[in-house]
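Listing of input-v1.cif, mmCIF, C-alpha atoms
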```cif
data_input
#
loop_
_atom_site.group_PDB
_atom_site.id
_atom_site.type_symbol
_atom_site.label_atom_id
_atom_site.label_comp_id
_atom_site.auth_asym_id
_atom_site.auth_seq_id
_atom_site.Cartn_x
_atom_site.Cartn_y
_atom_site.Cartn_z
ATOM 1 C CA MET A 1 30.201 -116.893 -31.572
ATOM 2 C CA PRO A 2 26.595 -117.174 -30.494
ATOM 3 C CA ALA A 3 24.057 -116.524 -33.191
ATOM 4 C CA SER A 4 21.666 -114.811 -30.822
ATOM 5 C CA SER A 5 21.876 -112.914 -27.580
ATOM 6 C CA ASP A 6 19.731 -115.466 -25.722
ATOM 7 C CA ARG A 7 22.550 -118.049 -25.611
ATOM 8 C CA LYS A 8 25.128 -117.530 -22.927
ATOM 9 C CA PHE A 9 28.698 -116.877 -24.013
ATOM 10 C CA SER A 10 31.116 -119.441 -22.668
ATOM 11 C CA VAL A 11 34.505 -118.478 -21.266
ATOM 12 C CA LEU A 12 37.318 -120.942 -20.658
ATOM 13 C CA PHE A 13 40.046 -119.790 -18.275
ATOM 14 C CA LEU A 14 43.338 -121.596 -18.813
ATOM 15 C CA CYS A 15 46.378 -122.056 -16.636
ATOM 16 C CA THR A 16 49.016 -124.738 -16.647
ATOM 17 C CA GLY A 17 47.994 -126.525 -13.427
ATOM 18 C CA ASN A 18 44.321 -125.515 -13.193
ATOM 19 C CA SER A 19 44.530 -125.438 -9.416
ATOM 20 C CA ALA A 20 44.419 -121.751 -8.468
ATOM 21 C CA ARG A 21 44.145 -118.763 -10.866
ATOM 22 C CA SER A 22 41.936 -120.368 -13.510
ATOM 23 C CA ILE A 23 39.766 -121.968 -10.818
ATOM 24 C CA ILE A 24 39.335 -118.604 -9.062
ATOM 25 C CA ALA A 25 38.438 -116.957 -12.381
ATOM 26 C CA GLU A 26 35.872 -119.650 -13.178
ATOM 27 C CA SER A 27 34.200 -119.226 -9.795
ATOM 28 C CA ILE A 28 34.083 -115.423 -10.032
ATOM 29 C CA LEU A 29 32.448 -115.461 -13.466
ATOM 30 C CA ARG A 30 30.037 -118.204 -12.371
ATOM 31 C CA LYS A 31 28.806 -115.815 -9.691
ATOM 32 C CA ILE A 32 28.897 -112.355 -11.258
ATOM 33 C CA GLY A 33 28.190 -113.277 -14.864
ATOM 34 C CA ALA A 34 25.794 -116.184 -14.482
ATOM 35 C CA ASP A 35 23.034 -114.380 -16.358
ATOM 36 C CA ARG A 36 25.068 -114.036 -19.590
ATOM 37 C CA PHE A 37 28.101 -116.313 -19.292
ATOM 38 C CA GLU A 38 29.039 -119.923 -18.694
ATOM 39 C CA ALA A 39 32.427 -120.240 -17.011
ATOM 40 C CA PHE A 40 34.901 -123.090 -17.254
ATOM 41 C CA SER A 41 38.554 -123.642 -16.411
ATOM 42 C CA ALA A 42 41.206 -126.120 -17.440
ATOM 43 C CA GLY A 43 44.943 -126.665 -17.588
ATOM 44 C CA SER A 44 47.535 -127.937 -20.011
ATOM 45 C CA THR A 45 49.064 -130.063 -17.241
ATOM 46 C CA PRO A 46 46.402 -130.147 -14.531
ATOM 47 C CA LYS A 47 47.480 -130.789 -10.948
ATOM 48 C CA GLY A 48 44.475 -133.052 -10.447
ATOM 49 C CA GLN A 49 43.204 -131.149 -7.421
ATOM 50 C CA VAL A 50 42.190 -127.606 -6.621
ATOM 51 C CA HIS A 51 44.567 -125.806 -4.266
ATOM 52 C CA PRO A 52 42.935 -125.814 -0.803
ATOM 53 C CA MET A 53 43.699 -122.114 -0.291
ATOM 54 C CA ALA A 54 41.883 -121.250 -3.526
ATOM 55 C CA LEU A 55 38.798 -122.992 -2.170
ATOM 56 C CA LYS A 56 39.150 -121.288 1.214
ATOM 57 C CA VAL A 57 39.528 -117.791 -0.219
ATOM 58 C CA LEU A 58 36.651 -118.290 -2.647
ATOM 59 C CA SER A 59 34.404 -119.625 0.099
ATOM 60 C CA ASP A 60 35.417 -116.856 2.529
ATOM 61 C CA HIS A 61 34.435 -114.252 -0.077
ATOM 62 C CA GLY A 62 31.118 -115.867 -1.013
ATOM 63 C CA TYR A 63 32.068 -117.425 -4.337
ATOM 64 C CA PRO A 64 30.814 -120.860 -5.378
ATOM 65 C CA THR A 65 33.167 -123.808 -4.981
ATOM 66 C CA ASP A 66 30.784 -126.649 -5.843
ATOM 67 C CA GLY A 67 31.846 -128.588 -8.900
ATOM 68 C CA LEU A 68 35.277 -126.962 -9.161
ATOM 69 C CA ARG A 69 37.900 -129.466 -10.234
ATOM 70 C CA SER A 70 41.323 -129.504 -11.820
ATOM 71 C CA LYS A 71 40.972 -130.830 -15.378
ATOM 72 C CA SER A 72 42.756 -131.001 -18.707
ATOM 73 C CA TRP A 73 42.059 -128.606 -21.521
ATOM 74 C CA ASP A 74 41.654 -131.697 -23.691
ATOM 75 C CA GLU A 75 38.099 -131.983 -22.328
ATOM 76 C CA PHE A 76 37.176 -128.815 -24.200
ATOM 77 C CA GLY A 77 38.597 -129.908 -27.530
ATOM 78 C CA ALA A 78 36.857 -133.284 -27.550
ATOM 79 C CA ASP A 79 33.700 -134.195 -29.424
ATOM 80 C CA GLY A 80 30.640 -133.227 -27.428
ATOM 81 C CA ALA A 81 32.494 -130.590 -25.388
ATOM 82 C CA PRO A 82 30.613 -127.404 -24.605
ATOM 83 C CA PRO A 83 31.238 -124.702 -27.196
ATOM 84 C CA VAL A 84 33.779 -122.105 -26.098
ATOM 85 C CA ASP A 85 33.473 -118.497 -27.247
ATOM 86 C CA ILE A 86 36.344 -116.896 -25.333
ATOM 87 C CA VAL A 87 39.582 -118.452 -24.051
ATOM 88 C CA ILE A 88 41.513 -116.433 -21.467
ATOM 89 C CA THR A 89 44.915 -117.565 -20.262
ATOM 90 C CA VAL A 90 45.697 -116.418 -16.729
ATOM 91 C CA CYS A 91 49.320 -117.533 -16.542
ATOM 92 C CA ASP A 92 52.279 -116.812 -18.775
ATOM 93 C CA ASN A 93 53.142 -120.503 -19.239
ATOM 94 C CA ALA A 94 49.717 -121.349 -20.648
ATOM 95 C CA ALA A 95 49.816 -118.256 -22.862
ATOM 96 C CA GLY A 96 53.040 -119.490 -24.438
ATOM 97 C CA GLU A 97 51.885 -123.062 -25.013
ATOM 98 C CA VAL A 98 50.368 -124.331 -28.216
ATOM 99 C CA CYS A 99 46.710 -124.735 -27.391
ATOM 100 C CA PRO A 100 44.483 -127.383 -28.918
ATOM 101 C CA VAL A 101 42.276 -126.350 -31.805
ATOM 102 C CA TRP A 102 39.058 -125.410 -30.076
ATOM 103 C CA PRO A 103 35.745 -126.164 -31.786
ATOM 104 C CA GLY A 104 34.179 -122.919 -33.002
ATOM 105 C CA HIS A 105 37.516 -121.069 -33.057
ATOM 106 C CA PRO A 106 36.999 -118.894 -29.966
ATOM 107 C CA ILE A 107 38.717 -115.569 -29.516
ATOM 108 C CA SER A 108 41.579 -115.510 -27.026
ATOM 109 C CA ALA A 109 43.088 -113.073 -24.576
ATOM 110 C CA HIS A 110 45.773 -113.156 -21.904
ATOM 111 C CA TYR A 111 45.302 -111.978 -18.305
ATOM 112 C CA GLY A 112 48.710 -112.909 -16.886
ATOM 113 C CA LEU A 113 48.870 -112.888 -13.089
ATOM 114 C CA ASP A 114 51.402 -114.086 -10.534
ATOM 115 C CA ASP A 115 50.799 -117.595 -9.223
ATOM 116 C CA PRO A 116 49.583 -117.479 -5.619
ATOM 117 C CA ALA A 117 50.296 -121.212 -5.297
ATOM 118 C CA ALA A 118 54.000 -120.453 -5.817
ATOM 119 C CA VAL A 119 54.159 -118.181 -2.761
ATOM 120 C CA VAL A 120 56.318 -119.541 0.026
ATOM 121 C CA GLY A 121 55.670 -118.212 3.507
ATOM 122 C CA THR A 122 53.334 -118.382 6.435
ATOM 123 C CA ASP A 123 49.713 -119.434 6.025
ATOM 124 C CA ILE A 124 48.738 -115.764 6.366
ATOM 125 C CA GLU A 125 51.157 -114.698 3.610
ATOM 126 C CA ILE A 126 49.871 -117.445 1.311
ATOM 127 C CA GLU A 127 46.258 -116.541 2.035
ATOM 128 C CA ARG A 128 47.046 -112.880 1.268
ATOM 129 C CA ALA A 129 48.546 -113.926 -2.083
ATOM 130 C CA PHE A 130 45.379 -115.825 -2.957
ATOM 131 C CA GLY A 131 43.303 -112.852 -1.801
ATOM 132 C CA ARG A 132 45.289 -110.518 -4.097
ATOM 133 C CA THR A 133 44.743 -112.886 -6.999
ATOM 134 C CA LEU A 134 41.015 -112.977 -6.308
ATOM 135 C CA LYS A 135 40.928 -109.165 -6.165
ATOM 136 C CA GLU A 136 42.884 -108.775 -9.428
ATOM 137 C CA LEU A 137 40.737 -111.319 -11.241
ATOM 138 C CA LEU A 138 37.530 -109.834 -9.847
ATOM 139 C CA ALA A 139 38.474 -106.406 -11.224
ATOM 140 C CA ARG A 140 39.072 -107.819 -14.715
ATOM 141 C CA ILE A 141 36.150 -110.244 -14.751
ATOM 142 C CA SER A 142 33.758 -107.544 -13.502
ATOM 143 C CA LEU A 143 34.612 -105.537 -16.618
ATOM 144 C CA LEU A 144 34.305 -108.636 -18.805
ATOM 145 C CA ALA A 145 30.861 -109.364 -17.360
ATOM 146 C CA GLN A 146 29.745 -105.828 -18.270
ATOM 147 C CA LEU A 147 30.634 -106.187 -21.959
ATOM 148 C CA HIS A 148 27.707 -106.381 -24.346
ATOM 149 C CA VAL A 149 29.303 -109.375 -26.023
ATOM 150 C CA ALA A 150 26.311 -110.203 -28.225
ATOM 151 C CA ASN A 151 26.573 -106.767 -29.853
ATOM 152 C CA LEU A 152 30.277 -107.002 -30.742
ATOM 153 C CA ASP A 153 31.781 -108.475 -33.863
ATOM 154 C CA ARG A 154 34.684 -110.901 -33.481
ATOM 155 C CA MET A 155 37.467 -108.311 -33.773
ATOM 156 C CA ALA A 156 35.788 -105.829 -31.430
ATOM 157 C CA LEU A 157 35.128 -108.571 -28.891
ATOM 158 C CA ARG A 158 38.748 -109.747 -28.934
ATOM 159 C CA SER A 159 40.013 -106.191 -28.602
ATOM 160 C CA SER A 160 37.611 -105.430 -25.744
ATOM 161 C CA VAL A 161 38.417 -108.615 -23.819
ATOM 162 C CA GLN A 162 42.188 -108.087 -24.114
ATOM 163 C CA SER A 163 42.067 -104.353 -23.380
ATOM 164 C CA ILE A 164 40.551 -105.088 -19.959
ATOM 165 C CA HIS A 165 43.806 -106.672 -18.806
ATOM 166 C CA ASP A 166 46.001 -104.200 -20.653
ATOM 167 C CA GLN A 167 44.288 -101.230 -18.971
ATOM 168 C CA MET A 168 44.441 -102.803 -15.511
ATOM 169 C CA SER A 169 48.108 -103.745 -15.913
ATOM 170 C CA ARG A 170 49.202 -100.252 -16.900
ATOM 171 C CA PRO A 171 51.072 -98.341 -14.163
ATOM 172 C CA ALA A 172 48.922 -95.656 -12.517
ATOM 173 C CA ALA A 173 50.997 -92.847 -14.067
ATOM 174 C CA GLU A 174 50.112 -94.086 -17.575
ATOM 175 C CA ALA A 175 46.404 -94.743 -16.939
#
```

How does this structure look as structure tokens?
Amino acid sequence: MPASSDRKFSVLFLCTGNSARSIIAESILRKIGADRFEAFSAGSTPKGQVHPMALKVLSDHGYPTDGLRSKSWDEFGADGAPPVDIVITVCDNAAGEVCPVWPGHPISAHYGLDDPAAVVGTDIEIERAFGRTLKELLARISLLAQLHVANLDRMALRSSVQSIHDQMSRPAAEA
């Protein structure tokens, strides 16, 4: 964890293919949390390219797409990799995989969402799926970006980061 509040906290979003959900999450945090966070994404088995609909939906909604690329999570475990404070898996497959040992031992959380890239249908139906994913991630990441992470100890930070998804995933009758 950062020693002082002047260093940005880094968040690594993970998904198996690193072509849609994790890329969307990275872009959202790059825009709305740029003052306090550095955002990255990676995959355990990266597709090697960002899904074109992810780029379209991000661009259409005013999110940055420059520099987004599908990459392996191995980049973040290597010597000289940027330090990672928080790792958030955004797909169930990545959550169940054995992750590398990250330098600095970041906290982890799981924000499992349906894969918009798996949707089969018309271009409009696929674009709607990507739009829903963007909306769901934006809701969670907006709350993440509001956390006073520098003021939280490790356990409180982990609990706060995970509770964002847990609260948003609860059926309306329970909330």

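Within the file as shown, the PyMOL selection byres ((chain A and resi 143-153) around 8) identifies Pro2, Ser4, Ser5, Phe9, Leu29, Ile32, Gly33, Arg36, Phe37, Ala139, Arg140, Ile141, Ser142, Arg154, Met155, Ala156, Leu157, Ser160, Val161 and Ile164 of chain A.
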
Would you kindly translate the PyMOL selection byres ((chain A and resi 85) around 12) into the concrete residues it picks from this file, as a ChimeraX atom specification?
-> /A:1-3,7-13,37-40,76,82-84,86-88,102-109,149-150,154,157-158,161

C-alpha atoms of the current selection, written as a PDB file, keeping the file's coordinate frame:
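Below is the file that was written, part22.pdb:
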```
ATOM      1  CA  MET A   1      30.201-116.893 -31.572  1.00  0.00           C
ATOM      2  CA  PRO A   2      26.595-117.174 -30.494  1.00  0.00           C
ATOM      3  CA  ALA A   3      24.057-116.524 -33.191  1.00  0.00           C
ATOM      4  CA  ARG A   7      22.550-118.049 -25.611  1.00  0.00           C
ATOM      5  CA  LYS A   8      25.128-117.530 -22.927  1.00  0.00           C
ATOM      6  CA  PHE A   9      28.698-116.877 -24.013  1.00  0.00           C
ATOM      7  CA  SER A  10      31.116-119.441 -22.668  1.00  0.00           C
ATOM      8  CA  VAL A  11      34.505-118.478 -21.266  1.00  0.00           C
ATOM      9  CA  LEU A  12      37.318-120.942 -20.658  1.00  0.00           C
ATOM     10  CA  PHE A  13      40.046-119.790 -18.275  1.00  0.00           C
ATOM     11  CA  PHE A  37      28.101-116.313 -19.292  1.00  0.00           C
ATOM     12  CA  GLU A  38      29.039-119.923 -18.694  1.00  0.00           C
ATOM     13  CA  ALA A  39      32.427-120.240 -17.011  1.00  0.00           C
ATOM     14  CA  PHE A  40      34.901-123.090 -17.254  1.00  0.00           C
ATOM     15  CA  PHE A  76      37.176-128.815 -24.200  1.00  0.00           C
ATOM     16  CA  PRO A  82      30.613-127.404 -24.605  1.00  0.00           C
ATOM     17  CA  PRO A  83      31.238-124.702 -27.196  1.00  0.00           C
ATOM     18  CA  VAL A  84      33.779-122.105 -26.098  1.00  0.00           C
ATOM     19  CA  ILE A  86      36.344-116.896 -25.333  1.00  0.00           C
ATOM     20  CA  VAL A  87      39.582-118.452 -24.051  1.00  0.00           C
ATOM     21  CA  ILE A  88      41.513-116.433 -21.467  1.00  0.00           C
ATOM     22  CA  TRP A 102      39.058-125.410 -30.076  1.00  0.00           C
ATOM     23  CA  PRO A 103      35.745-126.164 -31.786  1.00  0.00           C
ATOM     24  CA  GLY A 104      34.179-122.919 -33.002  1.00  0.00           C
ATOM     25  CA  HIS A 105      37.516-121.069 -33.057  1.00  0.00           C
ATOM     26  CA  PRO A 106      36.999-118.894 -29.966  1.00  0.00           C
ATOM     27  CA  ILE A 107      38.717-115.569 -29.516  1.00  0.00           C
ATOM     28  CA  SER A 108      41.579-115.510 -27.026  1.00  0.00           C
ATOM     29  CA  ALA A 109      43.088-113.073 -24.576  1.00  0.00           C
ATOM     30  CA  VAL A 149      29.303-109.375 -26.023  1.00  0.00           C
ATOM     31  CA  ALA A 150      26.311-110.203 -28.225  1.00  0.00           C
ATOM     32  CA  ARG A 154      34.684-110.901 -33.481  1.00  0.00           C
ATOM     33  CA  LEU A 157      35.128-108.571 -28.891  1.00  0.00           C
ATOM     34  CA  ARG A 158      38.748-109.747 -28.934  1.00  0.00           C
ATOM     35  CA  VAL A 161      38.417-108.615 -23.819  1.00  0.00           C
TER      36      VAL A 161
END
```

Any idea what the distance is between CA of Gln167 (chain A) and CA of Leu137 (chain A)?
-> 13.2 Å

Between A:Thr65, A:Ser70, A:Ser22, A:Ser27, smallest distance to Asp114 (chain A) by only C-alpha atoms belongs to A:Ser22

Residue IDs satisfying the PyMOL selection byres ((chain A and resi 47) around 8), as an NGL selection string = :A and (17-19 or 45-46 or 48-50 or 70-71)
